[in-house]
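**Student:** Input input.txt, format and content: compact mmCIF, C-alpha atoms and all ligand atoms.
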# COMPACT_ATOMS: atom_id res chain seq x y z
CA MET A 663 -103.62 20.91 -174.84
CA SER A 664 -103.71 24.53 -173.75
CA LEU A 665 -102.23 27.52 -175.50
CA LEU A 666 -101.35 30.57 -173.45
CA VAL A 667 -101.11 34.00 -175.08
CA VAL A 668 -99.95 37.28 -173.62
CA GLY A 669 -100.41 40.40 -175.73
CA SER A 670 -102.34 43.59 -176.18
CA VAL A 671 -106.09 44.20 -176.13
CA ALA A 672 -106.65 47.55 -177.79
CA PHE A 673 -108.87 50.15 -179.26
CA ASP A 674 -107.56 50.79 -182.77
CA SER A 675 -108.19 53.72 -185.09
CA VAL A 676 -107.33 52.67 -188.61
CA LYS A 677 -107.41 54.36 -191.99
CA THR A 678 -107.03 52.43 -195.24
CA PRO A 679 -107.68 53.59 -198.83
CA PHE A 680 -111.08 51.89 -198.52
CA GLY A 681 -112.41 53.45 -195.33
CA GLU A 682 -111.76 54.25 -191.69
CA ALA A 683 -112.60 52.74 -188.34
CA HIS A 684 -112.43 54.72 -185.10
CA GLU A 685 -111.65 53.08 -181.73
CA VAL A 686 -112.62 49.59 -182.79
CA LEU A 687 -111.58 46.48 -180.93
CA GLY A 688 -108.09 45.25 -181.78
CA GLY A 689 -104.84 44.25 -180.13
CA SER A 690 -102.42 41.42 -180.75
CA ALA A 691 -103.89 39.11 -178.08
CA THR A 692 -107.44 39.76 -179.29
CA TYR A 693 -106.83 38.77 -182.91
CA PHE A 694 -104.60 35.90 -181.84
CA SER A 695 -106.98 34.34 -179.34
CA VAL A 696 -110.06 34.57 -181.57
CA ALA A 697 -108.16 33.00 -184.50
CA ALA A 698 -106.62 30.25 -182.33
CA SER A 699 -109.96 29.47 -180.67
CA TYR A 700 -111.15 27.76 -183.87
CA PHE A 701 -108.49 25.10 -183.20
CA THR A 702 -107.79 24.81 -179.48
CA ASP A 703 -108.37 26.11 -175.93
CA VAL A 704 -106.78 29.49 -175.30
CA LEU A 705 -105.65 31.04 -172.01
CA LEU A 706 -105.61 34.81 -172.42
CA VAL A 707 -103.30 37.14 -170.46
CA ALA A 708 -103.83 40.84 -171.14
CA VAL A 709 -104.93 44.08 -169.54
CA VAL A 710 -107.71 46.56 -170.25
CA GLY A 711 -108.73 49.84 -168.65
CA GLU A 712 -111.97 50.87 -167.03
CA ASP A 713 -113.27 52.04 -170.43
CA PHE A 714 -113.45 48.43 -171.69
CA ASP A 715 -117.08 47.41 -171.26
CA HIS A 716 -118.66 43.97 -170.96
CA LYS A 717 -120.25 44.23 -174.37
CA THR A 718 -116.83 44.62 -176.00
CA ALA A 719 -115.63 41.54 -174.10
CA ASP A 720 -118.39 39.56 -175.88
CA VAL A 721 -115.85 38.81 -178.60
CA PHE A 722 -114.30 36.22 -176.24
CA LYS A 723 -117.62 34.69 -175.15
CA ASN A 724 -118.90 31.33 -176.41
CA ARG A 725 -115.40 30.43 -177.51
CA PRO A 726 -112.83 28.24 -175.76
CA ILE A 727 -111.03 31.36 -174.51
CA ASP A 728 -110.34 31.51 -170.78
CA ILE A 729 -110.35 35.18 -169.77
CA ARG A 730 -109.44 34.84 -166.10
CA GLY A 731 -106.08 36.32 -167.12
CA LEU A 732 -107.70 39.41 -168.65
CA GLN A 733 -107.16 42.00 -165.95
CA THR A 734 -108.88 45.38 -165.59
CA MET A 735 -106.69 48.18 -164.23
CA PRO A 736 -107.50 51.79 -163.36
CA GLY A 737 -106.88 53.95 -166.41
CA LYS A 738 -107.49 53.70 -170.13
CA THR A 739 -107.14 50.72 -172.45
CA PHE A 740 -104.13 50.62 -174.81
CA ARG A 741 -104.72 52.56 -178.03
CA TRP A 742 -103.09 52.31 -181.43
CA ARG A 743 -103.66 54.59 -184.43
CA GLY A 744 -102.33 53.63 -187.84
CA GLU A 745 -102.84 53.97 -191.54
CA TYR A 746 -102.11 52.09 -194.74
CA SER A 747 -101.51 53.43 -198.22
CA PHE A 748 -102.44 51.49 -201.36
CA ASP A 749 -99.53 49.20 -200.54
CA LEU A 750 -101.34 47.44 -197.73
CA ASN A 751 -98.31 45.46 -196.63
CA GLU A 752 -96.91 47.91 -194.11
CA ALA A 753 -98.83 49.83 -191.45
CA ARG A 754 -97.69 53.34 -190.61
CA THR A 755 -98.07 53.92 -186.88
CA LEU A 756 -99.41 57.40 -186.14
CA GLU A 757 -99.83 57.04 -182.38
CA THR A 758 -99.21 54.45 -179.65
CA CYS A 759 -100.72 55.13 -176.22
CA LEU A 760 -99.63 52.38 -173.85
CA ASN A 761 -102.00 53.55 -171.05
CA VAL A 762 -102.64 50.59 -168.70
CA LEU A 763 -100.06 48.50 -170.57
CA ALA A 764 -97.30 50.72 -169.18
CA ASP A 765 -97.64 49.29 -165.64
CA PHE A 766 -99.01 45.83 -166.35
CA LYS A 767 -97.33 43.01 -164.34
CA PRO A 768 -99.60 40.00 -164.71
CA GLN A 769 -99.66 37.22 -162.11
CA LEU A 770 -100.87 34.15 -163.99
CA PRO A 771 -103.71 32.10 -162.49
CA ALA A 772 -101.99 28.97 -161.03
CA ASP A 773 -103.31 26.55 -163.66
CA TYR A 774 -102.09 28.78 -166.52
CA CYS A 775 -98.52 27.97 -165.42
CA ASP A 776 -98.96 24.36 -166.59
CA CYS A 777 -99.82 25.28 -170.18
CA ASP A 778 -97.78 23.46 -172.75
CA ILE A 779 -97.58 26.03 -175.53
CA VAL A 780 -96.92 29.75 -175.12
CA PHE A 781 -97.33 32.58 -177.59
CA LEU A 782 -95.76 35.88 -176.60
CA ALA A 783 -97.76 38.18 -178.87
CA ASN A 784 -96.68 41.70 -179.71
CA ILE A 785 -96.20 43.52 -176.40
CA ASP A 786 -93.32 44.91 -174.31
CA PRO A 787 -90.55 42.23 -174.40
CA GLU A 788 -89.96 42.71 -170.67
CA LEU A 789 -93.55 41.66 -170.10
CA GLN A 790 -93.07 38.69 -172.43
CA SER A 791 -90.15 37.51 -170.26
CA TYR A 792 -92.08 38.19 -167.07
CA VAL A 793 -94.89 35.89 -168.24
CA LEU A 794 -92.44 33.23 -169.40
CA ASP A 795 -90.81 33.24 -165.93
CA GLN A 796 -94.10 31.97 -164.51
CA VAL A 797 -94.72 29.13 -166.97
CA LYS A 798 -93.34 25.80 -165.72
CA LYS A 799 -92.38 23.56 -168.62
CA PRO A 800 -93.76 24.63 -171.99
CA ARG A 801 -93.01 22.31 -174.91
CA LEU A 802 -93.00 25.22 -177.38
CA VAL A 803 -92.54 28.97 -176.93
CA ALA A 804 -93.15 31.32 -179.85
CA CYS A 805 -92.97 35.09 -180.00
CA ASP A 806 -93.93 38.09 -182.12
CA THR A 807 -92.69 41.67 -181.90
CA MET A 808 -92.72 44.88 -183.94
CA ASN A 809 -90.61 47.88 -184.90
CA PHE A 810 -91.87 49.87 -181.87
CA TRP A 811 -90.16 47.37 -179.49
CA ILE A 812 -87.11 46.81 -181.73
CA GLU A 813 -86.53 50.57 -181.61
CA ASN A 814 -87.45 51.19 -177.94
CA ARG A 815 -86.59 47.97 -176.03
CA LEU A 816 -83.91 46.19 -178.02
CA GLU A 817 -81.95 44.78 -175.05
CA ALA A 818 -85.10 43.37 -173.41
CA LEU A 819 -86.12 41.91 -176.77
CA LYS A 820 -82.74 40.18 -177.17
CA THR A 821 -83.18 38.63 -173.72
CA THR A 822 -86.61 37.28 -174.71
CA LEU A 823 -85.26 35.94 -178.00
CA LYS A 824 -82.73 33.77 -176.14
CA ARG A 825 -85.62 31.97 -174.42
CA ILE A 826 -87.88 31.10 -177.35
CA ASP A 827 -88.12 28.37 -179.99
CA LEU A 828 -89.90 30.24 -182.77
CA LEU A 829 -90.04 33.90 -183.78
CA VAL A 830 -92.83 35.16 -186.05
CA ILE A 831 -92.18 38.66 -187.46
CA ASN A 832 -92.81 40.60 -190.62
CA GLU A 833 -90.36 41.26 -193.37
CA GLY A 834 -89.49 44.89 -192.51
CA GLU A 835 -89.01 44.00 -188.85
CA ALA A 836 -86.74 41.06 -189.72
CA ARG A 837 -84.53 43.38 -191.77
CA GLU A 838 -84.52 45.99 -188.99
CA LEU A 839 -83.78 43.49 -186.22
CA ALA A 840 -80.93 41.85 -188.15
CA LYS A 841 -79.72 45.13 -189.69
CA GLU A 842 -79.57 43.18 -192.94
CA PRO A 843 -81.59 43.78 -196.14
CA ASN A 844 -81.23 40.24 -197.55
CA LEU A 845 -83.93 38.06 -195.98
CA VAL A 846 -82.00 34.79 -195.99
CA LYS A 847 -78.99 36.42 -194.33
CA ALA A 848 -81.33 38.25 -191.94
CA ALA A 849 -82.97 34.93 -191.01
CA ASN A 850 -79.60 33.36 -190.20
CA LYS A 851 -78.60 36.35 -188.07
CA ILE A 852 -81.91 36.27 -186.17
CA MET A 853 -81.70 32.53 -185.51
CA ALA A 854 -78.23 33.11 -184.07
CA MET A 855 -79.95 35.37 -181.50
CA GLY A 856 -81.89 32.41 -180.04
CA PRO A 857 -84.91 30.98 -181.86
CA SER A 858 -84.28 27.70 -183.70
CA SER A 859 -87.09 28.50 -186.16
CA LEU A 860 -88.22 31.73 -187.74
CA ILE A 861 -91.28 32.73 -189.74
CA ILE A 862 -91.07 35.89 -191.81
CA LYS A 863 -94.50 37.27 -192.84
CA ARG A 864 -94.52 39.07 -196.15
CA GLY A 865 -98.03 40.56 -196.27
CA GLU A 866 -99.87 39.75 -199.48
CA TYR A 867 -96.83 37.82 -200.73
CA GLY A 868 -97.16 35.10 -198.08
CA ALA A 869 -94.65 33.83 -195.56
CA LEU A 870 -91.33 32.01 -195.29
CA MET A 871 -90.40 29.53 -192.59
CA PHE A 872 -86.74 28.90 -191.75
CA SER A 873 -85.83 25.89 -189.58
CA ALA A 874 -83.47 22.90 -189.37
CA ALA A 875 -85.69 21.24 -192.01
CA GLY A 876 -84.86 24.02 -194.50
CA ILE A 877 -87.07 26.75 -195.94
CA PHE A 878 -90.81 26.42 -196.57
CA ALA A 879 -92.75 29.09 -198.47
CA VAL A 880 -96.49 29.79 -198.60
CA PRO A 881 -98.09 32.34 -200.88
CA GLY A 882 -100.64 34.87 -199.67
CA PHE A 883 -104.16 33.85 -200.68
CA PRO A 884 -105.09 35.88 -203.78
CA LEU A 885 -108.07 37.94 -202.60
CA GLU A 886 -110.20 40.26 -204.68
CA PHE A 887 -111.30 42.37 -201.70
CA VAL A 888 -108.91 43.46 -198.95
CA PHE A 889 -110.24 46.12 -196.58
CA ASP A 890 -107.97 46.25 -193.55
CA PRO A 891 -104.71 44.34 -192.95
CA THR A 892 -104.71 45.18 -189.21
CA GLY A 893 -104.44 41.98 -187.21
CA ALA A 894 -103.37 39.86 -190.17
CA GLY A 895 -100.11 38.96 -188.44
CA ASP A 896 -101.83 38.06 -185.18
CA SER A 897 -104.52 36.02 -186.94
CA PHE A 898 -101.72 34.27 -188.84
CA ALA A 899 -100.04 33.43 -185.54
CA GLY A 900 -103.39 32.28 -184.07
CA GLY A 901 -103.97 29.78 -186.89
CA LEU A 902 -100.34 28.62 -186.72
CA MET A 903 -100.19 28.06 -182.98
CA GLY A 904 -103.77 26.80 -182.82
CA HIS A 905 -102.97 23.94 -185.17
CA LEU A 906 -99.66 23.18 -183.42
CA SER A 907 -101.45 23.16 -180.07
CA ARG A 908 -104.03 20.58 -181.16
CA SER A 909 -101.38 18.35 -182.82
CA GLN A 910 -99.56 15.73 -180.74
CA VAL A 911 -96.39 15.85 -182.82
CA HIS A 912 -94.63 18.83 -184.37
CA ASN A 913 -92.96 17.20 -187.34
CA ASP A 914 -92.31 18.96 -190.63
CA GLU A 915 -95.68 17.83 -192.03
CA VAL A 916 -97.65 19.35 -189.15
CA ILE A 917 -95.62 22.57 -189.23
CA ARG A 918 -96.32 22.99 -192.95
CA GLN A 919 -100.04 22.42 -192.33
CA ALA A 920 -99.86 25.00 -189.54
CA MET A 921 -98.39 27.54 -191.99
CA ILE A 922 -101.41 27.00 -194.26
CA PHE A 923 -103.94 27.33 -191.42
CA ALA A 924 -102.08 30.50 -190.44
CA SER A 925 -102.42 31.90 -193.95
CA VAL A 926 -106.10 30.94 -194.07
CA MET A 927 -106.86 32.87 -190.85
CA ALA A 928 -104.89 35.93 -192.01
CA SER A 929 -106.68 35.92 -195.35
CA TYR A 930 -110.11 35.92 -193.73
CA ASN A 931 -109.12 38.63 -191.26
CA VAL A 932 -108.19 41.20 -193.92
CA GLU A 933 -111.63 40.99 -195.53
CA SER A 934 -113.12 43.42 -192.98
CA PHE A 935 -112.25 46.01 -190.33
CA SER A 936 -111.56 44.91 -186.75
CA LEU A 937 -112.61 41.30 -186.04
CA ASP A 938 -115.86 41.47 -188.01
CA ARG A 939 -114.95 38.64 -190.40
CA LEU A 940 -112.66 36.66 -188.11
CA ARG A 941 -115.20 36.27 -185.35
CA ASN A 942 -117.98 35.07 -187.67
CA LEU A 943 -116.23 32.17 -189.40
CA THR A 944 -117.24 28.52 -189.29
CA TYR A 945 -114.73 25.70 -189.24
CA ALA A 946 -116.14 24.69 -192.64
CA ASP A 947 -115.00 28.09 -194.01
CA ILE A 948 -111.50 27.36 -192.72
CA GLU A 949 -111.43 23.87 -194.26
CA SER A 950 -112.70 25.19 -197.55
CA ARG A 951 -109.94 27.80 -197.87
CA PHE A 952 -107.36 25.25 -196.67
CA ALA A 953 -108.44 23.07 -199.64
CA GLU A 954 -108.18 26.07 -201.99
CA PHE A 955 -104.62 26.64 -200.76
CA LYS A 956 -103.80 23.04 -201.62
CA LYS A 957 -105.05 23.55 -205.18
CA LEU A 958 -103.26 26.91 -205.43
CA THR A 959 -99.85 25.46 -204.57
CA HIS A 960 -100.02 21.93 -205.99
CA PHE A 961 -97.91 20.87 -208.94
CA GLU A 962 -96.71 17.55 -210.36
CA THR A 963 -93.09 16.50 -210.74
CA LEU A 964 -91.86 15.82 -214.27
P1 LIG B 1001 -100.77 43.11 -186.83
O1 LIG B 1001 -101.31 41.72 -186.72
O2 LIG B 1001 -99.29 43.13 -186.94
O3 LIG B 1001 -101.49 43.90 -187.89
O4 LIG B 1001 -101.08 43.82 -185.41
C1 LIG B 1001 -102.15 44.70 -185.25
C2 LIG B 1001 -102.45 44.94 -183.78
O5 LIG B 1001 -101.26 45.25 -183.05
C3 LIG B 1001 -103.38 46.13 -183.61
O6 LIG B 1001 -104.67 45.66 -183.29
C4 LIG B 1001 -102.75 46.97 -182.50
O7 LIG B 1001 -103.63 47.26 -181.46
C5 LIG B 1001 -101.60 46.12 -181.98
N1 LIG B 1001 -100.42 46.93 -181.69
C6 LIG B 1001 -99.92 47.99 -182.38
N2 LIG B 1001 -98.81 48.49 -181.77
C7 LIG B 1001 -98.59 47.72 -180.69
C8 LIG B 1001 -97.58 47.72 -179.65
N3 LIG B 1001 -96.57 48.60 -179.63
N4 LIG B 1001 -97.68 46.76 -178.68
C9 LIG B 1001 -98.68 45.87 -178.69
N5 LIG B 1001 -99.65 45.81 -179.63
C10 LIG B 1001 -99.61 46.73 -180.62
Could you write out this structure as structure tokens?
**Tutor:**
Amino acid sequence: MSLLVVGSVAFDSVKTPFGEAHEVLGGSATYFSVAASYFTDVLLVAVVGEDFDHKTADVFKNRPIDIRGLQTMPGKTFRWRGEYSFDLNEARTLETCLNVLADFKPQLPADYCDCDIVFLANIDPELQSYVLDQVKKPRLVACDTMNFWIENRLEALKTTLKRIDLLVINEGEARELAKEPNLVKAANKIMAMGPSSLIIKRGEYGALMFSAAGIFAVPGFPLEFVFDPTGAGDSFAGGLMGHLSRSQVHNDEVIRQAMIFASVMASYNVESFSLDRLRNLTYADIESRFAEFKKLTHFETL
């Protein structure tokens, strides 16, 4: 099974109440592909500029991540600058420099077009559609987005939404996209825009999944040390799609397990800046926190 992702590869500058990181590796496709690579083979589609050196690309090495779709273009790599206050649930974007992302029109390597699962990570929705046009017959297409695209490319985003099965967005973005403060009503409005399933990420409070099977809720893992929430959403998506990609069937049981793997990957990611924690995990770490989640949420019926 192969999982294709298109998204950003970035240099991030991030400030949290616990420290700062300047121009560290980030980007939606980076966090996603590293997280998903613990579960399945990943085909990466992204662009970097000439300032992206080989050493930085080491993050993808020795993992089942195919980087033939990682293109280098003249110019600078995408940059994002953001900060978090003591409420770590919402990033405040200070600067977005699209740089090489502005003119990126990827032609997928021929064998990428046969992938069976697609994740359209946070990137220009026009580019998400452009990639989807090239994929032949995916059995599942999921998508992420953010306020930047909701505010700047709404029509293109609506076109993408009509073509996907599952949307994964955070709470504030769900409210903004649906123009509706109540999350259940917002979910219904968003599903009427196209996706048959929707996951709303709620930062440290966990995530909600809406689908034909009803609503499923997972808590956030209670952590004593949280340093940097950047990439939590993408790591969440990586764990989610990684488990779905390695599973033959996508029944309710598997989807619920995928939500837990997603939460496990997000919880590890926030324990350090950039990908420092995420890239150094073992599968045993993942299984151990998966088991802790089971204990955390288990209760007996009367
Ligand atoms: P999240 O998982 O939601 O915390 O996403 C964090 C990542 O999103 C950062 O590493 C940023 O580089 C990336 N990012 C921020 N803004 C954008 C944007 N407009 N398009 C694509 N990626 C972005």
**Student:** Quote the spacing between CA of Ala698 in chain A and CA of Phe961 in chain A in Å to one decimal place.
**Tutor:**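 CA of Ala698 in chain A sits 29.5 Å away from CA of Phe961 in chain A.
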**Student:** May I have a table of the residues of chain A lying at most 9 Å from ligand LIG 1001 (chain B), giving each one's closest pair of atoms and their distance in Å to one decimal, counting all atoms listed in the file, ordered by chain and ascending residue number, as a Markdown table?
**Tutor:**
| residue | atom | partner | partner_atom | distance |
| --- | --- | --- | --- | --- |
| A:Gly669 | CA | B:LIG1001 | C9 | 6.5 |
| A:Ser670 | CA | B:LIG1001 | N5 | 4.9 |
| A:Val671 | CA | B:LIG1001 | O7 | 6.6 |
| A:Ala672 | CA | B:LIG1001 | O7 | 4.8 |
| A:Phe673 | CA | B:LIG1001 | O7 | 6.4 |
| A:Asp674 | CA | B:LIG1001 | O7 | 5.4 |
| A:Ser675 | CA | B:LIG1001 | O7 | 8.7 |
| A:Val686 | CA | B:LIG1001 | O6 | 8.9 |
| A:Leu687 | CA | B:LIG1001 | O6 | 7.3 |
| A:Gly688 | CA | B:LIG1001 | O6 | 3.8 |
| A:Gly689 | CA | B:LIG1001 | O6 | 3.5 |
| A:Ser690 | CA | B:LIG1001 | O5 | 4.6 |
| A:Ala691 | CA | B:LIG1001 | N5 | 8.1 |
| A:Thr692 | CA | B:LIG1001 | O6 | 7.6 |
| A:Tyr693 | CA | B:LIG1001 | O6 | 7.2 |
| A:Phe694 | CA | B:LIG1001 | O1 | 8.3 |
| A:Phe740 | CA | B:LIG1001 | O7 | 7.5 |
| A:Arg741 | CA | B:LIG1001 | O7 | 6.4 |
| A:Trp742 | CA | B:LIG1001 | O7 | 5.1 |
| A:Arg743 | CA | B:LIG1001 | C6 | 7.9 |
| A:Gly744 | CA | B:LIG1001 | C6 | 8.2 |
| A:Glu752 | CA | B:LIG1001 | O3 | 8.7 |
| A:Ala753 | CA | B:LIG1001 | O3 | 7.4 |
| A:Thr755 | CA | B:LIG1001 | N2 | 7.5 |
| A:Glu757 | CA | B:LIG1001 | N2 | 8.6 |
| A:Thr758 | CA | B:LIG1001 | N2 | 6.3 |
| A:Cys759 | CA | B:LIG1001 | N3 | 8.5 |
| A:Leu760 | CA | B:LIG1001 | N3 | 7.6 |
| A:Leu763 | CA | B:LIG1001 | N4 | 8.6 |
| A:Ala783 | CA | B:LIG1001 | C9 | 7.7 |
| A:Asn784 | CA | B:LIG1001 | C9 | 4.7 |
| A:Ile785 | CA | B:LIG1001 | C9 | 4.1 |
| A:Asp786 | CA | B:LIG1001 | N4 | 6.4 |
| A:Asp806 | CA | B:LIG1001 | O2 | 8.8 |
| A:Thr807 | CA | B:LIG1001 | N4 | 7.8 |
| A:Met808 | CA | B:LIG1001 | N3 | 6.9 |
| A:Asn809 | CA | B:LIG1001 | N3 | 8.0 |
| A:Phe810 | CA | B:LIG1001 | N3 | 5.4 |
| A:Trp811 | CA | B:LIG1001 | N3 | 6.5 |
| A:Ile831 | CA | B:LIG1001 | O2 | 8.4 |
| A:Asn832 | CA | B:LIG1001 | O2 | 7.9 |
| A:Asp890 | CA | B:LIG1001 | O3 | 8.9 |
| A:Pro891 | CA | B:LIG1001 | O3 | 6.0 |
| A:Thr892 | CA | B:LIG1001 | O3 | 3.7 |
| A:Gly893 | CA | B:LIG1001 | O1 | 3.2 |
| A:Ala894 | CA | B:LIG1001 | O1 | 4.4 |
| A:Gly895 | CA | B:LIG1001 | O1 | 3.5 |
| A:Asp896 | CA | B:LIG1001 | O1 | 4.0 |
| A:Ser897 | CA | B:LIG1001 | O1 | 6.5 |
| A:Phe898 | CA | B:LIG1001 | O1 | 7.8 |
| A:Ala899 | CA | B:LIG1001 | O1 | 8.5 |
| A:Ala928 | CA | B:LIG1001 | O1 | 8.6 |
| A:Ser936 | CA | B:LIG1001 | O6 | 7.7 |
**Student:** I'd like the neighbourhood of Pro800 in chain A as a PyMOL selection string, where a residue qualifies if any of its atoms comes within 7 Å (using only C-alpha atoms), though same-chain residues fewer than 4 positions away should be ignored.
**Tutor:** chain A and resi 777-780
**Student:** Just how far from CA of Gly856 in chain A is CA of Ile826 in chain A, in Å to one decimal?
**Tutor:**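 Going from CA of Ile826 in chain A over to CA of Gly856 in chain A, I get 6.7 Å.
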**Student:** Using all atoms listed in the file, which residue out of A:Phe923, A:Phe714, A:Leu823, A:Glu886 lies closest to Ser859 in chain A?
**Tutor:**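 Smallest separation from Ser859 in chain A among the options: A:Leu823.
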**Student:** Nearest to Ile812 in chain A among A:Ala836, A:Leu794, A:Val888, A:Leu828, with distances taken over only C-alpha atoms: which residue is it?
**Tutor:**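 Between A:Ala836, A:Leu794, A:Val888, A:Leu828, the residue approaching Ile812 in chain A most closely is A:Ala836.
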**Student:** Just give me the gap between CA of Ala874 in chain A and CA of Lys851 in chain A in Å, one decimal is fine.
**Tutor:**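 Computed distance, CA of Ala874 in chain A to CA of Lys851 in chain A, equals 14.4 Å.
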**Student:** Extract, using all atoms listed in the file, all DNA, RNA and protein residues at most 12 Å from Arg918 in chain A, discarding same-chain residues fewer than 3 positions from it, and format them as number ranges by chain.
**Tutor:** A: 861, 869-873, 875-880, 901-903, 905-906, 912-915, 921-925, 952, 955-956
**Student:** Can you work out which one of A:Leu665, A:Leu937, A:Ala920, A:Cys775 has the shortest atom-to-atom distance to Lys799 in chain A, counting all atoms listed in the file?
**Tutor:** A:Cys775
**Student:** Looking at A:Thr739, A:Ser664, A:Asn942, A:Ser950, which one is nearest to Tyr774 in chain A, with distances taken over all atoms listed in the file?
**Tutor:**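 Smallest distance to Tyr774 in chain A is found for A:Ser664.
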**Student:** Return as JSON the box centre and box size in Å, one decimal, for an axis-aligned box around all listed atoms of range 871-887 of chain A padded by 3 Å per side.
**Tutor:**
{"center_x": -97.4, "center_y": 31.8, "center_z": -197.0, "size_x": 33.8, "size_y": 27.1, "size_z": 21.3}
**Student:** Which polymer residues have any atom within 8 Å of an atom of Val793 in chain A, counting all atoms listed in the file, with same-chain residues fewer than 6 positions away left out, as a list of chain:residue names?
**Tutor:**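 Surrounding residues, per the criterion: A:Val668, A:Pro768, A:Gln769, A:Leu770.
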**Student:** Near Ser699 in chain A, within 8 Å and counting only C-alpha atoms, which residues show up once chain neighbours fewer than 5 positions away are dropped, as an mmCIF file with C-alpha atoms, in the frame of the given file?
**Tutor:**
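Wrote it out as around30.cif, contents follow:
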data_model
loop_
_atom_site.group_PDB
_atom_site.id
_atom_site.type_symbol
_atom_site.label_atom_id
_atom_site.label_comp_id
_atom_site.auth_asym_id
_atom_site.auth_seq_id
_atom_site.Cartn_x
_atom_site.Cartn_y
_atom_site.Cartn_z
ATOM 1 C CA VAL A 704 -106.780 29.490 -175.300
ATOM 2 C CA ARG A 725 -115.400 30.430 -177.510
ATOM 3 C CA PRO A 726 -112.830 28.240 -175.760
ATOM 4 C CA ILE A 727 -111.030 31.360 -174.510
ATOM 5 C CA GLY A 900 -103.390 32.280 -184.070
ATOM 6 C CA GLY A 904 -103.770 26.800 -182.820
#
**Student:** Considering all atoms listed in the file, can you say which of A:Glu685, A:Leu782, A:Thr678, A:Ala764 comes closest to Leu706 in chain A?
**Tutor:**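 The answer is A:Leu782, which sits nearest to Leu706 in chain A.
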**Student:** Nearest residue to Gln910 in chain A out of A:Met663, A:Val721, A:Leu816, A:Val830, using all atoms listed in the file?
**Tutor:**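 Closest to Gln910 in chain A, using all atoms listed in the file: A:Met663.
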